[in-house]
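Asker: The structure under discussion is supplied below as structure tokens; questions concerning it will follow.
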Amino acid sequence: MSDVLERPGRWTRRLAPRGARSPWRQPLAVLGAVVLVVWLAVAALAPLLAPFDPLEQTPDRLAAPGGAHLLGTDSLGRDVLSRVIFGSRLSIPVAVALVVGCLVVGAVLGALAGYLGGWVDEVVMRVADMVLAFPTIILAMVVAAALGPSLINAVIAILLVNWPQYARVTRSLVLGATTREYVVAGRLLGAGPWTSLRRDILPNVAAPVLVLATLDVGSAILVLSGLSFLGLGTVPPTPEWGSMVADGVQQFDAWWIGTSAGLAILSVVVAVNFVGDALRDTLDPHTRSSVAGRAL
Amino acid sequence: MSEVRLAVRDLRVELGGTTVLDGVDLDVPAGQVTGLAGESGSGKSMTALAVLGLLPRGGRATGSVRLDGRELLGLPERERNAVRGRHVAMVFQDPAGAFHPLLSIGRQVTDHVRHHLRLSRAQAVERAVDALDRAQVPEPREALRKFPHQFSGGQLQRIAIASAIACEPQVLLADEPTTALDVTVQAGVLRLLRSLSDDLGIATVLITHDLAVMSAVADTVTVLRAGRVVEQGPRFDVLTRPQDPYTRSLIESLPHGGRA
Amino acid sequence: MSNDVSTRPADDLRGSRRRAHPLVRYVLTRLGISVLLLWGITVVTFVLTNLVPADPLAAVLGDQAAADPQIVAEYRRLMGLDDPLPLQYWHYLVRLLHGDLGTSPQTRHPVAVDLAGAFPATAELATAVLVVSVLLGVGLGLLAALRHRRFTDQVIRVVSLLGVSTPMFWLSLVVFYVFFFRLRWLPGSGRLDATLTPPPHVTGFYTIDGALAGQWSIVANASLHLVLPALVLTLYIAGLLVRFTRSAVLDVLAEPYVTAARARGLAPAQVTFGYVLRGALLPILTMVGLAFGSLLSGAVLTEQIFAWNGLGQYAYLAATKLDLPAIMGVGIVVGVTYIAINFLVDLVTGVVDPRVRLR
């Protein structure tokens with residue numbers, strides 16, 4: 001009897017389901033976390049760490065790595081290392097903010113759809129389907145092109161494209177949770193809808209959605225830099241990794257420009273994904289496939 | 001008649017460093033229903049899985065499991081697999097979950113028959129029809145062409161039992177076979193299990209947390225608690241004059257709580 | 001109004017066959033949803049086109065003409081830009097249904113003509129990538145799940161994670177630089193060597209058209225040209241499919257029906273392929289349909305570097321030049337393709353899954 005009515009709730013209790021391992025015992029997760037911390041430190045301390053002003057143009061153009069410029073210079077004689085360092089100040093916080101934005105919008109709409117049902121559900125999910133019918137980059141490209149190229153517009157574009165996956169996951173989790181016996185029992189015992197949403201449903205929804213969000217920071221960085229690479233994100237003088245790769249395409253022989261920026265993106269995204277994977281294994285072994293979904 | 005088919009001695013199972021079974025002894029005679037009781041987590045299902053050699057990864061069984069005198073523990077995987085479904089068959093708790101939703105009933109009732117007995121498709125179908133008939137599944141031939149979602153839980157459990165007895169095994173492990181079913185069809189499934197033991201001489205292990213179920217069909221009852229046998233004996237003795245306080249508490253909870 | 005037009009066919013059919021075969025009903029429902037999605041795409045592109053703050057007239061007419069109010073007024077009247085929005089949308093929809101996607105100010109061609117030329121190039125690349133990725137992704141994903149948490153699993157996991165974490169546009173650059181520019185092992189530009197003429201147009205796939213015409217040197221050359229761009233995209237798509245297959249198979253492995261199949265003593269290979277993989281197949285198929293979207297996104301980011309004159313390169317050029325009709329055209333074609341693919345996936349699901357096929 002107690003099996004059915006017990007509330008798994010509070011995810012301190014969910015932290016160690018059967019067969020799951022703490023993320024700290026997974027070497028890749030630790031590696032990912034370390035790399036992330038390093039990048040966050042680099043972003044925070046960029047002005048102190050960068051040897052040059054990332055915008056300063058020098059006559060020393062397209063200098064190979066080594067000497068004064070550890071990673072060489074670009075076509076305008078700007079120090080590549082400094083630009084990579086300052087690039088982290090842009091890509092990482094913007095990606096995180098973007099994911100938080102998607103999460104809030106998507107989770108609220110999804111929770112409403114799942115909890116209220118009826119026409120609200122119908123409208124929200126049909127709109128979500130429509131948006132999902134466009135591949136992310138293409139729709140973001142369409143939006144960014146329509147609004148004009150700028151970082152803010154790129155963020156708006158991705159936000160418009162990315163909320164539906166959160167809405168979907170949240171909705172299905174809320175739907176699943178509302179029909180569980182302990183939630184029903186809670187309502188019968190007189191818990192109001194708000195209390196029931198907060199106390200019984202939210203804890204069930206939180207873990208999978210957080211896992212999705214963590215993994216999504218990686219794809220947000222990829223899509224953002226992709227849009228900048230296409231010239232639809234940040235505007236030229238700003239040091240940004242995607243547009244640095246685009247510079248690398250222009251300056252083909254200066255392989256160090258594109259390589260440095262590309263490795264920067266790769267390292268952050270891999271680190272985020274290592275951490276996200278470990279979190280998923282730990283918090284949420286059961287909704288694995290609902291979250292493994294789409295990236296670009 | 002009542003020779004012991006399955007003899008379990010000092011069975012210990014470790015799962016990821018924790019001991020889940022701690023020296024279980026169990027005799028399962030032919031033609032009898034041997035009850036295995038205890039609450040969830042007491043190691044009932046683990047005993048069945050250890051007998052079949054299907055412990056989750058990281059599980060390790062020691063002791064002795066003999067089928068008609070032949071030691072099963074430590075057999076190479078190939079020979080172990082030849083025993084499963086052929087000599088020792090199992091029926092699971094949730095009949096809807098125990099069938100592959102995309103495969104026809106026919107596939108799932110004949111696959112192992114063809115594999116174990118090296119029969120042709122047609123021969124296997126005949127055998128499956130007999131088994132379904134035996135398990136009182138109406139219109140067996142039509143049933144083979146259908147899919148799991150087209151049956152009720154009670155019907156599916158009968159089909160699962162038919163599938164289990166299709167190779168005429170010596171031992172049948174029934175793990176909570178009625179727990180997921182409506183009360184109205186539970187009795188029928190229990191009667192079926194009883195009749196298989198009586199008529200075919202199958203040695204049945206009935207695993208259940210429900211002492212009411214136990215009292216209806218079991219010949220002997222073994223009570224497990226935290227991986228140990230706390231009480232063992234003929235059904236009547238165990239249920240009416242329990243020696244162990246744990247068994248007593250299980251029985252006392254019966255009329256008030258019913259089943260969970 | 002517009003709503004009625006696009007949803008009516010599905011509704012009518014559904015109404016008239018209330019007792020239709022469940023599969024028919026399922027297909028009609030899916031078709032209805034697809035049509036609804038198609039309609040949604042037209043609304044999205046129309047809204048976005050009309051949202052443009054920068055006056056597109058300048059781009060079409062040129063700065064001088066755009067400065068002349070008379071010309072502008074005449075143009076607006078001709079193009080119906082002064083009509084109320086719903087009417088404008090209606091005209092837009094009618095034009096779309098006639099295959100008129102506008103004219104690209106950049107190439108000065110009708111967008112539809114440009115797209116028709118670009119589509120087969122991307123389709124050929126995408127098909128190659130999808131075939132290889134499905135084989136590789138499903139195979140490795142299954143292997144990883146069966147070897148859960150052992151060495152093989154860890155290696156496959158890390159490699160597939162690297163695959164989905166690598167920025168494709170950068171990887172294109174690296175691969176191009178290393179294998180074409182430095183090593184000269186493989187062609188890195190275009191679909192055929194410049195000295196060769198494309199085979200007679202049948203499917204638009206150079207490899208197939210070459211084979212149909214018996215020009216085997218073309219087939220060989222076109223295949224070599226496919227390698228590098230396909231490699232980049234495959235790394236990503238296969239990585240995606242490995243990760244998904246692994247999770248899906250792990251989920252199935254936890255299903256009681258797998259334990260039940262094992263308890264019946266079936267041969268391990270029969271359990272793996274007949275039960276486990278079959279159970280994961282429909283979710284994987286759905287994922288392949290969704291991965292197609294990532295594939296088209298990836299094409300936008302890679303084709304440019306390999307001078308692969310497909311949709312991706314066209315979209316890239318359109319985006320960098322803010323060529324709105326062209327971008328919208330790409331959006332529509334990609335959306336339609338994506339919806340069509342996923343409709344097909346739904347169809348296959350309906351046929352394979354007895355729970356849909358039979359009551």
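Ligands are numbered from 1 in the order shown, residues from 1 within each chain, and chains are lettered A, B, ... in the order they appear in the structure tokens.
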What's around Gly16 in chain B at 9 Å? Count only C-alpha atoms, leave out sequence neighbours fewer than 4 positions away in its own chain, and write the answer as a ChimeraX atom specification.

Answerer: /A:19 /B:57-60

Asker: Taking only residues of chain A that have an atom at most 7 Å from an atom of chain C, what is each one's shortest atom pair and its distance in Å to one decimal, using only C-alpha atoms, in chain and number order, as JSON lines?

Answerer:
```
{"residue": "A:Met130", "atom": "CA", "partner": "C:Leu37", "partner_atom": "CA", "distance": 5.4}
{"residue": "A:Ala133", "atom": "CA", "partner": "C:Gly335", "partner_atom": "CA", "distance": 5.9}
{"residue": "A:Phe134", "atom": "CA", "partner": "C:Gly335", "partner_atom": "CA", "distance": 5.3}
{"residue": "A:Pro135", "atom": "CA", "partner": "C:Gly293", "partner_atom": "CA", "distance": 4.7}
{"residue": "A:Thr136", "atom": "CA", "partner": "C:Ser297", "partner_atom": "CA", "distance": 7.0}
{"residue": "A:Ile137", "atom": "CA", "partner": "C:Ser297", "partner_atom": "CA", "distance": 5.4}
{"residue": "A:Ile138", "atom": "CA", "partner": "C:Ser297", "partner_atom": "CA", "distance": 6.1}
{"residue": "A:Leu139", "atom": "CA", "partner": "C:Gly331", "partner_atom": "CA", "distance": 6.8}
{"residue": "A:Met141", "atom": "CA", "partner": "C:Ala319", "partner_atom": "CA", "distance": 6.9}
{"residue": "A:Val142", "atom": "CA", "partner": "C:Ile327", "partner_atom": "CA", "distance": 6.2}
{"residue": "A:Val143", "atom": "CA", "partner": "C:Leu48", "partner_atom": "CA", "distance": 6.7}
{"residue": "A:Ala145", "atom": "CA", "partner": "C:Leu322", "partner_atom": "CA", "distance": 5.8}
{"residue": "A:Ala146", "atom": "CA", "partner": "C:Val52", "partner_atom": "CA", "distance": 5.0}
{"residue": "A:Leu147", "atom": "CA", "partner": "C:Val52", "partner_atom": "CA", "distance": 5.9}
{"residue": "A:Leu222", "atom": "CA", "partner": "C:Pro167", "partner_atom": "CA", "distance": 6.0}
{"residue": "A:Leu230", "atom": "CA", "partner": "C:Thr320", "partner_atom": "CA", "distance": 6.5}
{"residue": "A:Gly231", "atom": "CA", "partner": "C:Thr320", "partner_atom": "CA", "distance": 5.9}
{"residue": "A:Val245", "atom": "CA", "partner": "C:Trp170", "partner_atom": "CA", "distance": 6.4}
{"residue": "A:Val249", "atom": "CA", "partner": "C:Leu173", "partner_atom": "CA", "distance": 6.8}
{"residue": "A:Gly262", "atom": "CA", "partner": "C:Trp170", "partner_atom": "CA", "distance": 5.6}
{"residue": "A:Leu266", "atom": "CA", "partner": "C:Thr166", "partner_atom": "CA", "distance": 5.3}
{"residue": "A:Val269", "atom": "CA", "partner": "C:Ser165", "partner_atom": "CA", "distance": 5.5}
{"residue": "A:Val270", "atom": "CA", "partner": "C:Ser165", "partner_atom": "CA", "distance": 5.4}
{"residue": "A:Arg288", "atom": "CA", "partner": "C:Ser247", "partner_atom": "CA", "distance": 5.8}
{"residue": "A:Ser289", "atom": "CA", "partner": "C:Ser247", "partner_atom": "CA", "distance": 5.3}
{"residue": "A:Ala292", "atom": "CA", "partner": "C:Phe244", "partner_atom": "CA", "distance": 5.7}
{"residue": "A:Leu296", "atom": "CA", "partner": "C:Ser294", "partner_atom": "CA", "distance": 5.4}
```

Asker: Take CA of Ala157 in chain A and CA of Gly258 in chain A and report the distance between them in Å, one decimal.

Answerer: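 CA of Gly258 in chain A lies at a distance of 25.0 Å from CA of Ala157 in chain A.
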
Asker: For chain B, work out the contacting residues on chain C at 12 Å, counting only C-alpha atoms, and write them as a ChimeraX atom specification.

Answerer: /C:146-150,252-268,270-271,274-282,349-359

Asker: Which polymer residues have any atom within 6 Å of an atom of range 188-201 of chain C, counting only C-alpha atoms, with same-chain residues fewer than 2 positions away left out, as a list in words?

Answerer: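 Surrounding residues, per the criterion: Phe176, Phe180, Gly204, Asp209, Gly210, Ala222, His225, Phe306, Ala307 and Trp308 of chain C.
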
Asker: Next, dump the selected residues to file, keeping only C-alpha atoms, as a tab-separated table (two decimals), in the first residue's frame.

Answerer:
```tsv
chain	number	residue	atom	x	y	z
C	176	PHE	CA	38.95	20.95	-45.94
C	180	PHE	CA	42.19	18.86	-49.49
C	204	GLY	CA	19.82	15.40	-60.13
C	209	ASP	CA	22.58	10.00	-63.12
C	210	GLY	CA	26.17	9.04	-63.97
C	222	ALA	CA	31.15	12.50	-57.80
C	225	HIS	CA	33.61	14.78	-54.00
C	306	PHE	CA	33.02	22.85	-49.82
C	307	ALA	CA	31.45	24.99	-52.56
C	308	TRP	CA	28.64	22.43	-52.71
```

Asker: Among range 73-214 of chain B, which ones does DSSP assign to strand (DSSP E) (computed from the backbone)? Answer as an mmCIF file with C-alpha atoms, in the first residue's frame.

Answerer:
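The new file out-v2.cif reads:
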```
data_model
loop_
_atom_site.group_PDB
_atom_site.id
_atom_site.type_symbol
_atom_site.label_atom_id
_atom_site.label_comp_id
_atom_site.auth_asym_id
_atom_site.auth_seq_id
_atom_site.Cartn_x
_atom_site.Cartn_y
_atom_site.Cartn_z
ATOM 1 C CA VAL B 88 12.366 -24.091 -15.906
ATOM 2 C CA ALA B 89 9.838 -21.539 -17.146
ATOM 3 C CA MET B 90 8.689 -18.281 -15.627
ATOM 4 C CA VAL B 91 5.517 -16.216 -15.559
ATOM 5 C CA VAL B 171 9.435 -26.298 -12.979
ATOM 6 C CA LEU B 172 7.256 -23.190 -13.311
ATOM 7 C CA LEU B 173 8.185 -20.003 -11.478
ATOM 8 C CA ALA B 174 5.158 -17.736 -11.119
ATOM 9 C CA ASP B 175 6.185 -14.300 -9.848
ATOM 10 C CA ALA B 203 6.589 -28.241 -9.773
ATOM 11 C CA THR B 204 5.304 -24.699 -9.272
ATOM 12 C CA VAL B 205 6.853 -21.910 -7.247
ATOM 13 C CA LEU B 206 4.215 -19.308 -6.463
ATOM 14 C CA ILE B 207 5.764 -16.030 -5.438
#
```

Asker: Which residues, written as a ChimeraX atom specification, have at least one atom at most 12 Å from Leu224 in chain B, with only C-alpha atoms counted and residues fewer than 4 positions away on the same chain left out?

Answerer: /B:20-26,35-47,207-209,228-232,244,246-247,250

Asker: Pick out the closest residue to chain A from this set: B:Val51, B:Ala226, B:Val33, B:Leu15. Count only C-alpha atoms.

Answerer: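 Comparing B:Val51, B:Ala226, B:Val33, B:Leu15 against chain A, the winner is B:Leu15.
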
Asker: Quick one: residues within 10 Å of range 86-96 of chain A, only C-alpha atoms, excluding same-chain residues fewer than 6 positions away - as a ChimeraX atom specification?

Answerer: /A:36,39-47,49-50,53-55,80,102,151-152,155,213-214,216-225,234,238-244,261,264-265,268-269

Asker: Please compute the CA of Ala50 in chain B-CA of Val65 in chain B distance, one decimal, in Å.

Answerer: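 Going from CA of Ala50 in chain B over to CA of Val65 in chain B covers 8.7 Å.
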
Asker: If you run DSSP on this backbone, which residues of range 148-211 of chain B come out as helix (DSSP H, G or I), and could you give them as a count of residues only?

Answerer: 35
